[in-house]
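Engineer: Okay, so here is start07.pdb, and as you'll see once you scroll down, it has PDB, N, CA and C atoms.
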```pdb
ATOM      1  N   MET A   1      77.937 148.585 202.272
ATOM      2  CA  MET A   1      77.253 147.360 202.625
ATOM      3  C   MET A   1      77.915 146.203 201.883
ATOM      4  N   ILE A   2      77.891 145.040 202.519
ATOM      5  CA  ILE A   2      78.402 143.825 201.900
ATOM      6  C   ILE A   2      77.247 142.840 201.778
ATOM      7  N   VAL A   3      77.067 142.297 200.586
ATOM      8  CA  VAL A   3      76.062 141.269 200.339
ATOM      9  C   VAL A   3      76.807 139.973 200.032
ATOM     10  N   VAL A   4      76.425 138.936 200.743
ATOM     11  CA  VAL A   4      77.025 137.619 200.559
ATOM     12  C   VAL A   4      75.978 136.710 199.931
ATOM     13  N   THR A   5      76.357 136.014 198.859
ATOM     14  CA  THR A   5      75.480 134.997 198.286
ATOM     15  C   THR A   5      76.205 133.660 198.388
ATOM     16  N   GLY A   6      75.515 132.700 198.962
ATOM     17  CA  GLY A   6      76.083 131.364 199.112
ATOM     18  C   GLY A   6      75.161 130.339 198.483
ATOM     19  N   ARG A   7      75.658 129.636 197.488
ATOM     20  CA  ARG A   7      74.859 128.615 196.804
ATOM     21  C   ARG A   7      75.336 127.235 197.251
ATOM     22  N   VAL A   8      74.374 126.392 197.645
ATOM     23  CA  VAL A   8      74.721 125.053 198.111
ATOM     24  C   VAL A   8      73.817 124.018 197.462
ATOM     25  N   HIS A   9      74.374 122.830 197.293
ATOM     26  CA  HIS A   9      73.629 121.675 196.795
ATOM     27  C   HIS A   9      73.616 120.671 197.938
ATOM     28  N   VAL A  10      72.434 120.380 198.443
ATOM     29  CA  VAL A  10      72.268 119.497 199.590
ATOM     30  C   VAL A  10      71.889 118.106 199.101
ATOM     31  N   ALA A  11      72.514 117.093 199.665
ATOM     32  CA  ALA A  11      72.137 115.719 199.333
ATOM     33  C   ALA A  11      70.671 115.518 199.734
ATOM     34  N   PRO A  12      69.862 114.896 198.872
ATOM     35  CA  PRO A  12      68.427 114.755 199.141
ATOM     36  C   PRO A  12      68.102 114.154 200.508
ATOM     37  N   GLU A  13      68.885 113.200 200.933
ATOM     38  CA  GLU A  13      68.612 112.568 202.233
ATOM     39  C   GLU A  13      68.918 113.480 203.414
ATOM     40  N   ASN A  14      69.577 114.612 203.157
ATOM     41  CA  ASN A  14      69.933 115.564 204.219
ATOM     42  C   ASN A  14      69.044 116.804 204.238
ATOM     43  N   ARG A  15      68.034 116.830 203.395
ATOM     44  CA  ARG A  15      67.192 118.021 203.244
ATOM     45  C   ARG A  15      66.587 118.484 204.579
ATOM     46  N   GLU A  16      66.028 117.567 205.344
ATOM     47  CA  GLU A  16      65.369 117.947 206.598
ATOM     48  C   GLU A  16      66.365 118.510 207.611
ATOM     49  N   ARG A  17      67.510 117.864 207.749
ATOM     50  CA  ARG A  17      68.537 118.352 208.680
ATOM     51  C   ARG A  17      69.074 119.703 208.198
ATOM     52  N   PHE A  18      69.281 119.852 206.897
ATOM     53  CA  PHE A  18      69.742 121.130 206.347
ATOM     54  C   PHE A  18      68.763 122.246 206.706
ATOM     55  N   SER A  19      67.486 121.978 206.566
ATOM     56  CA  SER A  19      66.472 122.986 206.871
ATOM     57  C   SER A  19      66.591 123.466 208.315
ATOM     58  N   ALA A  20      66.775 122.550 209.239
ATOM     59  CA  ALA A  20      66.909 122.920 210.648
ATOM     60  C   ALA A  20      68.190 123.716 210.898
ATOM     61  N   VAL A  21      69.301 123.259 210.336
ATOM     62  CA  VAL A  21      70.601 123.922 210.523
ATOM     63  C   VAL A  21      70.571 125.322 209.904
ATOM     64  N   ALA A  22      70.044 125.440 208.693
ATOM     65  CA  ALA A  22      70.012 126.729 207.986
ATOM     66  C   ALA A  22      69.085 127.714 208.687
ATOM     67  N   THR A  23      67.929 127.240 209.134
ATOM     68  CA  THR A  23      66.973 128.116 209.817
ATOM     69  C   THR A  23      67.570 128.682 211.102
ATOM     70  N   GLN A  24      68.268 127.831 211.846
ATOM     71  CA  GLN A  24      68.900 128.286 213.087
ATOM     72  C   GLN A  24      69.985 129.317 212.791
ATOM     73  N   MET A  25      70.781 129.079 211.759
ATOM     74  CA  MET A  25      71.842 130.015 211.397
ATOM     75  C   MET A  25      71.269 131.366 211.012
ATOM     76  N   CYS A  26      70.227 131.354 210.204
ATOM     77  CA  CYS A  26      69.605 132.611 209.777
ATOM     78  C   CYS A  26      69.105 133.396 210.987
ATOM     79  N   SER A  27      68.397 132.728 211.867
ATOM     80  CA  SER A  27      67.831 133.381 213.045
ATOM     81  C   SER A  27      68.925 133.963 213.940
ATOM     82  N   SER A  28      69.952 133.175 214.229
ATOM     83  CA  SER A  28      71.053 133.642 215.088
ATOM     84  C   SER A  28      71.799 134.806 214.455
ATOM     85  N   SER A  29      72.029 134.734 213.164
ATOM     86  CA  SER A  29      72.790 135.788 212.478
ATOM     87  C   SER A  29      72.024 137.101 212.433
ATOM     88  N   ARG A  30      70.719 137.039 212.246
ATOM     89  CA  ARG A  30      69.922 138.277 212.198
ATOM     90  C   ARG A  30      69.950 139.028 213.525
ATOM     91  N   ASP A  31      70.286 138.346 214.615
ATOM     92  CA  ASP A  31      70.390 138.998 215.922
ATOM     93  C   ASP A  31      71.712 139.725 216.115
ATOM     94  N   GLU A  32      72.657 139.537 215.202
ATOM     95  CA  GLU A  32      73.973 140.154 215.337
ATOM     96  C   GLU A  32      73.944 141.637 214.963
ATOM     97  N   HIS A  33      74.759 142.405 215.679
ATOM     98  CA  HIS A  33      74.920 143.823 215.349
ATOM     99  C   HIS A  33      75.553 143.934 213.960
ATOM    100  N   GLY A  34      74.966 144.745 213.099
ATOM    101  CA  GLY A  34      75.508 144.953 211.755
ATOM    102  C   GLY A  34      74.899 144.055 210.690
ATOM    103  N   CYS A  35      74.023 143.141 211.092
ATOM    104  CA  CYS A  35      73.362 142.275 210.114
ATOM    105  C   CYS A  35      72.041 142.920 209.697
ATOM    106  N   ARG A  36      71.921 143.221 208.420
ATOM    107  CA  ARG A  36      70.688 143.817 207.888
ATOM    108  C   ARG A  36      69.704 142.762 207.409
ATOM    109  N   GLY A  37      70.202 141.585 207.069
ATOM    110  CA  GLY A  37      69.339 140.517 206.607
ATOM    111  C   GLY A  37      70.131 139.243 206.415
ATOM    112  N   TYR A  38      69.470 138.115 206.645
ATOM    113  CA  TYR A  38      70.118 136.811 206.484
ATOM    114  C   TYR A  38      69.006 135.812 206.233
ATOM    115  N   ARG A  39      68.920 135.310 205.013
ATOM    116  CA  ARG A  39      67.840 134.402 204.620
ATOM    117  C   ARG A  39      68.397 133.281 203.751
ATOM    118  N   VAL A  40      67.638 132.200 203.670
ATOM    119  CA  VAL A  40      67.966 131.101 202.760
ATOM    120  C   VAL A  40      66.719 130.818 201.924
ATOM    121  N   TYR A  41      66.940 130.574 200.637
ATOM    122  CA  TYR A  41      65.845 130.365 199.685
ATOM    123  C   TYR A  41      66.095 129.085 198.894
ATOM    124  N   ALA A  42      65.004 128.389 198.582
ATOM    125  CA  ALA A  42      65.099 127.201 197.731
ATOM    126  C   ALA A  42      65.118 127.637 196.270
ATOM    127  N   ASP A  43      65.958 126.999 195.476
ATOM    128  CA  ASP A  43      66.001 127.233 194.031
ATOM    129  C   ASP A  43      64.846 126.443 193.410
ATOM    130  N   LEU A  44      63.899 127.119 192.828
ATOM    131  CA  LEU A  44      62.712 126.463 192.291
ATOM    132  C   LEU A  44      62.960 125.713 190.991
ATOM    133  N   GLU A  45      64.122 125.937 190.389
ATOM    134  CA  GLU A  45      64.438 125.276 189.122
ATOM    135  C   GLU A  45      65.396 124.088 189.272
ATOM    136  N   GLN A  46      66.034 123.990 190.420
ATOM    137  CA  GLN A  46      67.003 122.912 190.634
ATOM    138  C   GLN A  46      66.748 122.276 191.998
ATOM    139  N   ASP A  47      66.353 121.022 192.000
ATOM    140  CA  ASP A  47      66.066 120.328 193.254
ATOM    141  C   ASP A  47      67.278 120.324 194.183
ATOM    142  N   ASP A  48      66.998 120.481 195.463
ATOM    143  CA  ASP A  48      68.000 120.367 196.526
ATOM    144  C   ASP A  48      69.115 121.404 196.439
ATOM    145  N   ARG A  49      68.828 122.528 195.788
ATOM    146  CA  ARG A  49      69.791 123.629 195.731
ATOM    147  C   ARG A  49      69.173 124.835 196.432
ATOM    148  N   TYR A  50      70.016 125.517 197.207
ATOM    149  CA  TYR A  50      69.549 126.620 198.045
ATOM    150  C   TYR A  50      70.517 127.787 197.911
ATOM    151  N   VAL A  51      69.993 128.979 198.201
ATOM    152  CA  VAL A  51      70.799 130.189 198.130
ATOM    153  C   VAL A  51      70.645 130.961 199.435
ATOM    154  N   PHE A  52      71.769 131.231 200.073
ATOM    155  CA  PHE A  52      71.793 132.107 201.242
ATOM    156  C   PHE A  52      72.046 133.519 200.738
ATOM    157  N   VAL A  53      71.335 134.489 201.297
ATOM    158  CA  VAL A  53      71.574 135.895 200.989
ATOM    159  C   VAL A  53      71.752 136.617 202.320
ATOM    160  N   GLU A  54      72.939 137.198 202.494
ATOM    161  CA  GLU A  54      73.267 137.920 203.723
ATOM    162  C   GLU A  54      73.542 139.380 203.377
ATOM    163  N   GLU A  55      73.149 140.274 204.256
ATOM    164  CA  GLU A  55      73.420 141.706 204.092
ATOM    165  C   GLU A  55      74.056 142.224 205.376
ATOM    166  N   TRP A  56      75.246 142.795 205.237
ATOM    167  CA  TRP A  56      76.021 143.290 206.384
ATOM    168  C   TRP A  56      76.337 144.764 206.213
ATOM    169  N   ASP A  57      76.342 145.490 207.324
ATOM    170  CA  ASP A  57      76.652 146.921 207.276
ATOM    171  C   ASP A  57      78.017 147.185 206.662
ATOM    172  N   ASP A  58      79.014 146.400 207.071
ATOM    173  CA  ASP A  58      80.386 146.642 206.625
ATOM    174  C   ASP A  58      81.247 145.415 206.895
ATOM    175  N   ASP A  59      82.510 145.511 206.507
ATOM    176  CA  ASP A  59      83.433 144.393 206.671
ATOM    177  C   ASP A  59      83.650 144.056 208.141
ATOM    178  N   GLU A  60      83.645 145.043 208.995
ATOM    179  CA  GLU A  60      83.825 144.812 210.433
ATOM    180  C   GLU A  60      82.715 143.903 210.974
ATOM    181  N   ALA A  61      81.479 144.190 210.606
ATOM    182  CA  ALA A  61      80.348 143.355 211.049
ATOM    183  C   ALA A  61      80.472 141.938 210.501
ATOM    184  N   LEU A  62      80.887 141.818 209.248
ATOM    185  CA  LEU A  62      81.041 140.502 208.634
ATOM    186  C   LEU A  62      82.157 139.710 209.317
ATOM    187  N   GLN A  63      83.268 140.362 209.609
ATOM    188  CA  GLN A  63      84.379 139.683 210.279
ATOM    189  C   GLN A  63      83.983 139.245 211.697
ATOM    190  N   ARG A  64      83.220 140.071 212.401
ATOM    191  CA  ARG A  64      82.715 139.685 213.726
ATOM    192  C   ARG A  64      81.849 138.432 213.615
ATOM    193  N   HIS A  65      81.024 138.404 212.573
ATOM    194  CA  HIS A  65      80.136 137.271 212.325
ATOM    195  C   HIS A  65      80.933 135.970 212.191
ATOM    196  N   PHE A  66      82.050 136.022 211.481
ATOM    197  CA  PHE A  66      82.880 134.825 211.303
ATOM    198  C   PHE A  66      83.428 134.308 212.627
ATOM    199  N   GLY A  67      83.557 135.188 213.623
ATOM    200  CA  GLY A  67      84.075 134.794 214.930
ATOM    201  C   GLY A  67      83.021 134.327 215.908
ATOM    202  N   GLU A  68      81.761 134.386 215.522
ATOM    203  CA  GLU A  68      80.676 133.978 216.416
ATOM    204  C   GLU A  68      80.640 132.453 216.576
ATOM    205  N   PRO A  69      80.374 131.962 217.782
ATOM    206  CA  PRO A  69      80.284 130.512 217.991
ATOM    207  C   PRO A  69      79.232 129.839 217.103
ATOM    208  N   HIS A  70      78.101 130.508 216.872
ATOM    209  CA  HIS A  70      77.069 129.868 216.049
ATOM    210  C   HIS A  70      77.520 129.718 214.592
ATOM    211  N   THR A  71      78.445 130.567 214.145
ATOM    212  CA  THR A  71      78.961 130.435 212.786
ATOM    213  C   THR A  71      79.829 129.183 212.671
ATOM    214  N   ALA A  72      80.671 128.948 213.661
ATOM    215  CA  ALA A  72      81.506 127.742 213.650
ATOM    216  C   ALA A  72      80.641 126.486 213.723
ATOM    217  N   THR A  73      79.634 126.509 214.573
ATOM    218  CA  THR A  73      78.722 125.364 214.691
ATOM    219  C   THR A  73      78.019 125.100 213.371
ATOM    220  N   PHE A  74      77.574 126.169 212.714
ATOM    221  CA  PHE A  74      76.896 126.046 211.428
ATOM    222  C   PHE A  74      77.810 125.396 210.391
ATOM    223  N   MET A  75      79.031 125.884 210.279
ATOM    224  CA  MET A  75      79.952 125.349 209.275
ATOM    225  C   MET A  75      80.234 123.863 209.530
ATOM    226  N   GLN A  76      80.419 123.490 210.777
ATOM    227  CA  GLN A  76      80.676 122.089 211.110
ATOM    228  C   GLN A  76      79.466 121.221 210.790
ATOM    229  N   SER A  77      78.275 121.760 210.981
ATOM    230  CA  SER A  77      77.045 121.006 210.718
ATOM    231  C   SER A  77      76.709 120.963 209.236
ATOM    232  N   LEU A  78      77.010 122.042 208.521
ATOM    233  CA  LEU A  78      76.622 122.170 207.121
ATOM    234  C   LEU A  78      77.431 121.278 206.180
ATOM    235  N   LEU A  79      78.736 121.295 206.324
ATOM    236  CA  LEU A  79      79.607 120.633 205.349
ATOM    237  C   LEU A  79      79.252 119.165 205.094
ATOM    238  N   PRO A  80      78.943 118.364 206.111
ATOM    239  CA  PRO A  80      78.603 116.962 205.831
ATOM    240  C   PRO A  80      77.263 116.784 205.093
ATOM    241  N   LEU A  81      76.443 117.826 205.056
ATOM    242  CA  LEU A  81      75.127 117.734 204.415
ATOM    243  C   LEU A  81      75.171 118.033 202.926
ATOM    244  N   LEU A  82      76.277 118.589 202.453
ATOM    245  CA  LEU A  82      76.357 119.056 201.074
ATOM    246  C   LEU A  82      76.716 117.944 200.099
ATOM    247  N   ALA A  83      76.188 118.075 198.881
ATOM    248  CA  ALA A  83      76.472 117.121 197.816
ATOM    249  C   ALA A  83      77.643 117.584 196.950
ATOM    250  N   GLY A  84      78.211 118.724 197.275
ATOM    251  CA  GLY A  84      79.334 119.298 196.544
ATOM    252  C   GLY A  84      79.787 120.555 197.250
ATOM    253  N   PRO A  85      80.849 121.187 196.770
ATOM    254  CA  PRO A  85      81.345 122.399 197.426
ATOM    255  C   PRO A  85      80.376 123.567 197.296
ATOM    256  N   ALA A  86      80.338 124.390 198.314
ATOM    257  CA  ALA A  86      79.521 125.605 198.289
ATOM    258  C   ALA A  86      80.199 126.648 197.401
ATOM    259  N   ASP A  87      79.394 127.532 196.826
ATOM    260  CA  ASP A  87      79.897 128.652 196.027
ATOM    261  C   ASP A  87      79.483 129.927 196.745
ATOM    262  N   VAL A  88      80.439 130.600 197.387
ATOM    263  CA  VAL A  88      80.135 131.772 198.205
ATOM    264  C   VAL A  88      80.845 132.986 197.614
ATOM    265  N   LEU A  89      80.068 134.046 197.361
ATOM    266  CA  LEU A  89      80.609 135.285 196.801
ATOM    267  C   LEU A  89      80.309 136.447 197.746
ATOM    268  N   PHE A  90      81.260 137.384 197.830
ATOM    269  CA  PHE A  90      81.124 138.566 198.669
ATOM    270  C   PHE A  90      81.097 139.791 197.754
ATOM    271  N   HIS A  91      80.027 140.562 197.858
ATOM    272  CA  HIS A  91      79.832 141.720 196.986
ATOM    273  C   HIS A  91      79.848 142.992 197.836
ATOM    274  N   THR A  92      80.731 143.927 197.506
ATOM    275  CA  THR A  92      80.754 145.225 198.187
ATOM    276  C   THR A  92      79.875 146.179 197.394
ATOM    277  N   ILE A  93      78.869 146.729 198.064
ATOM    278  CA  ILE A  93      77.863 147.570 197.416
ATOM    279  C   ILE A  93      78.102 149.035 197.807
ATOM    280  N   SER A  94      78.256 149.893 196.817
ATOM    281  CA  SER A  94      78.483 151.310 197.118
ATOM    282  C   SER A  94      77.185 152.116 197.104
ATOM    283  N   SER A  95      76.178 151.626 196.391
ATOM    284  CA  SER A  95      74.886 152.316 196.390
ATOM    285  C   SER A  95      73.798 151.329 195.969
ATOM    286  N   SER A  96      72.574 151.679 196.299
ATOM    287  CA  SER A  96      71.427 150.840 195.943
ATOM    288  C   SER A  96      70.294 151.727 195.456
ATOM    289  N   ARG A  97      69.497 151.176 194.559
ATOM    290  CA  ARG A  97      68.294 151.872 194.091
ATOM    291  C   ARG A  97      67.132 150.895 194.156
ATOM    292  N   ARG A  98      65.951 151.432 194.244
ATOM    293  CA  ARG A  98      64.734 150.629 194.321
ATOM    294  C   ARG A  98      63.911 150.871 193.068
ATOM    295  N   LEU A  99      63.219 149.842 192.605
ATOM    296  CA  LEU A  99      62.335 149.999 191.451
ATOM    297  C   LEU A  99      60.977 150.510 191.924
ATOM    298  N   ASP A 100      60.622 151.682 191.481
ATOM    299  CA  ASP A 100      59.303 152.266 191.744
ATOM    300  C   ASP A 100      58.508 152.090 190.449
ATOM    301  N   PRO A 101      57.361 151.383 190.505
ATOM    302  CA  PRO A 101      56.607 151.117 189.278
ATOM    303  C   PRO A 101      56.228 152.374 188.487
ATOM    304  N   GLU A 102      56.073 153.497 189.184
ATOM    305  CA  GLU A 102      55.670 154.733 188.506
ATOM    306  C   GLU A 102      56.858 155.580 188.068
ATOM    307  N   ARG A 103      57.968 155.515 188.799
ATOM    308  CA  ARG A 103      59.089 156.416 188.526
ATOM    309  C   ARG A 103      60.332 155.712 188.030
ATOM    310  N   GLY A 104      60.340 154.394 188.016
ATOM    311  CA  GLY A 104      61.549 153.670 187.611
ATOM    312  C   GLY A 104      62.482 153.503 188.795
ATOM    313  N   LEU A 105      63.789 153.568 188.535
ATOM    314  CA  LEU A 105      64.767 153.405 189.601
ATOM    315  C   LEU A 105      64.879 154.673 190.426
ATOM    316  N   VAL A 106      64.777 154.525 191.745
ATOM    317  CA  VAL A 106      64.862 155.666 192.668
ATOM    318  C   VAL A 106      65.844 155.330 193.779
ATOM    319  N   PRO A 107      66.446 156.337 194.395
ATOM    320  CA  PRO A 107      67.372 156.070 195.508
ATOM    321  C   PRO A 107      66.644 155.400 196.671
ATOM    322  N   VAL A 108      67.385 154.583 197.417
ATOM    323  CA  VAL A 108      66.851 153.977 198.631
ATOM    324  C   VAL A 108      66.989 154.984 199.743
ATOM    325  N   ASP A 109      65.939 155.178 200.493
ATOM    326  CA  ASP A 109      65.970 156.148 201.611
ATOM    327  C   ASP A 109      66.878 155.689 202.710
TER     328      ASP A 109
END
```
Would you write the structure of this file as structure tokens?
Structural biologist:
Amino acid sequence: MIVVTGRVHVAPENRERFSAVATQMCSSSRDEHGCRGYRVYADLEQDDRYVFVEEWDDDEALQRHFGEPHTATFMQSLLPLLAGPADVLFHTISSSRRLDPERGLVPVD
């Protein structure tokens, strides 16, 4: 699995437009084959900063995603809204565990 984290700082005057653009991107991406999750979250400690979290089955699914028309539209719409460069990291995950309050870390089914 590949997990992508994207951190962005949005200019305050662009907050409403960013919300619409980001929400549409998340919704469209979750419909793609190989996408396990795609969400955007507000940073509660830093105003106008947001974090995208994407989960992809594999590199093939992620590469297909980059070729989707909605991805190009998103990038063209997003860049003018930012107050600085985005910080995007790609993490390759070989295994995952879940925290069980009674048993501690357990394998994910």
Engineer: Which residues, written as a ChimeraX atom specification, have at least one atom at most 6 Å from A:Val4, with all atoms listed in the file counted and residues fewer than 2 positions away on the same chain left out?
Structural biologist: /A:2,6,52-55,89-91
Engineer: Write down as a VMD selection string the residues of chain A whose backbone DSSP state falls under alpha helix (DSSP H).
Structural biologist: chain A and resid 15 to 30 59 to 66 69 to 78
Engineer: With N, CA and C atoms retained, could you export that selection as a CSV table (one decimal), in the coordinates of the input?
Structural biologist:
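Output saved as out-v2.csv:
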```
chain,number,residue,atom,x,y,z
A,15,ARG,N,68.0,116.8,203.4
A,15,ARG,CA,67.2,118.0,203.2
A,15,ARG,C,66.6,118.5,204.6
A,16,GLU,N,66.0,117.6,205.3
A,16,GLU,CA,65.4,117.9,206.6
A,16,GLU,C,66.4,118.5,207.6
A,17,ARG,N,67.5,117.9,207.7
A,17,ARG,CA,68.5,118.4,208.7
A,17,ARG,C,69.1,119.7,208.2
A,18,PHE,N,69.3,119.9,206.9
A,18,PHE,CA,69.7,121.1,206.3
A,18,PHE,C,68.8,122.2,206.7
A,19,SER,N,67.5,122.0,206.6
A,19,SER,CA,66.5,123.0,206.9
A,19,SER,C,66.6,123.5,208.3
A,20,ALA,N,66.8,122.6,209.2
A,20,ALA,CA,66.9,122.9,210.6
A,20,ALA,C,68.2,123.7,210.9
A,21,VAL,N,69.3,123.3,210.3
A,21,VAL,CA,70.6,123.9,210.5
A,21,VAL,C,70.6,125.3,209.9
A,22,ALA,N,70.0,125.4,208.7
A,22,ALA,CA,70.0,126.7,208.0
A,22,ALA,C,69.1,127.7,208.7
A,23,THR,N,67.9,127.2,209.1
A,23,THR,CA,67.0,128.1,209.8
A,23,THR,C,67.6,128.7,211.1
A,24,GLN,N,68.3,127.8,211.8
A,24,GLN,CA,68.9,128.3,213.1
A,24,GLN,C,70.0,129.3,212.8
A,25,MET,N,70.8,129.1,211.8
A,25,MET,CA,71.8,130.0,211.4
A,25,MET,C,71.3,131.4,211.0
A,26,CYS,N,70.2,131.4,210.2
A,26,CYS,CA,69.6,132.6,209.8
A,26,CYS,C,69.1,133.4,211.0
A,27,SER,N,68.4,132.7,211.9
A,27,SER,CA,67.8,133.4,213.0
A,27,SER,C,68.9,134.0,213.9
A,28,SER,N,70.0,133.2,214.2
A,28,SER,CA,71.1,133.6,215.1
A,28,SER,C,71.8,134.8,214.5
A,29,SER,N,72.0,134.7,213.2
A,29,SER,CA,72.8,135.8,212.5
A,29,SER,C,72.0,137.1,212.4
A,30,ARG,N,70.7,137.0,212.2
A,30,ARG,CA,69.9,138.3,212.2
A,30,ARG,C,70.0,139.0,213.5
A,59,ASP,N,82.5,145.5,206.5
A,59,ASP,CA,83.4,144.4,206.7
A,59,ASP,C,83.6,144.1,208.1
A,60,GLU,N,83.6,145.0,209.0
A,60,GLU,CA,83.8,144.8,210.4
A,60,GLU,C,82.7,143.9,211.0
A,61,ALA,N,81.5,144.2,210.6
A,61,ALA,CA,80.3,143.4,211.0
A,61,ALA,C,80.5,141.9,210.5
A,62,LEU,N,80.9,141.8,209.2
A,62,LEU,CA,81.0,140.5,208.6
A,62,LEU,C,82.2,139.7,209.3
A,63,GLN,N,83.3,140.4,209.6
A,63,GLN,CA,84.4,139.7,210.3
A,63,GLN,C,84.0,139.2,211.7
A,64,ARG,N,83.2,140.1,212.4
A,64,ARG,CA,82.7,139.7,213.7
A,64,ARG,C,81.8,138.4,213.6
A,65,HIS,N,81.0,138.4,212.6
A,65,HIS,CA,80.1,137.3,212.3
A,65,HIS,C,80.9,136.0,212.2
A,66,PHE,N,82.0,136.0,211.5
A,66,PHE,CA,82.9,134.8,211.3
A,66,PHE,C,83.4,134.3,212.6
A,69,PRO,N,80.4,132.0,217.8
A,69,PRO,CA,80.3,130.5,218.0
A,69,PRO,C,79.2,129.8,217.1
A,70,HIS,N,78.1,130.5,216.9
A,70,HIS,CA,77.1,129.9,216.0
A,70,HIS,C,77.5,129.7,214.6
A,71,THR,N,78.4,130.6,214.1
A,71,THR,CA,79.0,130.4,212.8
A,71,THR,C,79.8,129.2,212.7
A,72,ALA,N,80.7,128.9,213.7
A,72,ALA,CA,81.5,127.7,213.6
A,72,ALA,C,80.6,126.5,213.7
A,73,THR,N,79.6,126.5,214.6
A,73,THR,CA,78.7,125.4,214.7
A,73,THR,C,78.0,125.1,213.4
A,74,PHE,N,77.6,126.2,212.7
A,74,PHE,CA,76.9,126.0,211.4
A,74,PHE,C,77.8,125.4,210.4
A,75,MET,N,79.0,125.9,210.3
A,75,MET,CA,80.0,125.3,209.3
A,75,MET,C,80.2,123.9,209.5
A,76,GLN,N,80.4,123.5,210.8
A,76,GLN,CA,80.7,122.1,211.1
A,76,GLN,C,79.5,121.2,210.8
A,77,SER,N,78.3,121.8,211.0
A,77,SER,CA,77.0,121.0,210.7
A,77,SER,C,76.7,121.0,209.2
A,78,LEU,N,77.0,122.0,208.5
A,78,LEU,CA,76.6,122.2,207.1
A,78,LEU,C,77.4,121.3,206.2
```
Engineer: Would you mind listing what lies within 10 Å of A:Thr71 as number ranges by chain, with only C-alpha atoms counted and same-chain residues fewer than 4 positions away left out?
Structural biologist: A: 25, 28-29, 65-67, 75-77
Engineer: Could you state the separation of atom N of A:Ala22 and atom CA of A:Gln46 in Å, given to one decimal place?
Structural biologist: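 Spanning atom N of A:Ala22 to atom CA of A:Gln46 is a straight-line distance of 18.5 Å.
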Engineer: Measuring atom to atom with only C-alpha atoms, identify which of A:Met1, A:Val51, A:Val21, A:Leu44 is nearest to A:Ala72.
Structural biologist: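 Ranking A:Met1, A:Val51, A:Val21, A:Leu44 by distance to A:Ala72, first place goes to A:Val21.
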Engineer: Could you tell me how far atom CA of A:Arg36 sits from atom CA of A:Arg15, in Å to one decimal place?
Structural biologist: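 If I compute the distance from atom CA of A:Arg15 to atom CA of A:Arg36, I get 26.4 Å.
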Engineer: A:Val106, A:Ala83, A:Ile93, A:Ala42: which is nearest A:Glu13, counting only C-alpha atoms?
Structural biologist: A:Ala83
Engineer: With 6 Å on each side, where is the centre of the axis-aligned box around all listed atoms of stretch 67-82 of chain A, and how long are its edges in Å to one decimal, as lines of an AutoDock Vina configuration file?
Structural biologist:
```
center_x = 79.6
center_y = 126.0
center_z = 209.0
size_x = 20.9
size_y = 30.4
size_z = 29.9
```
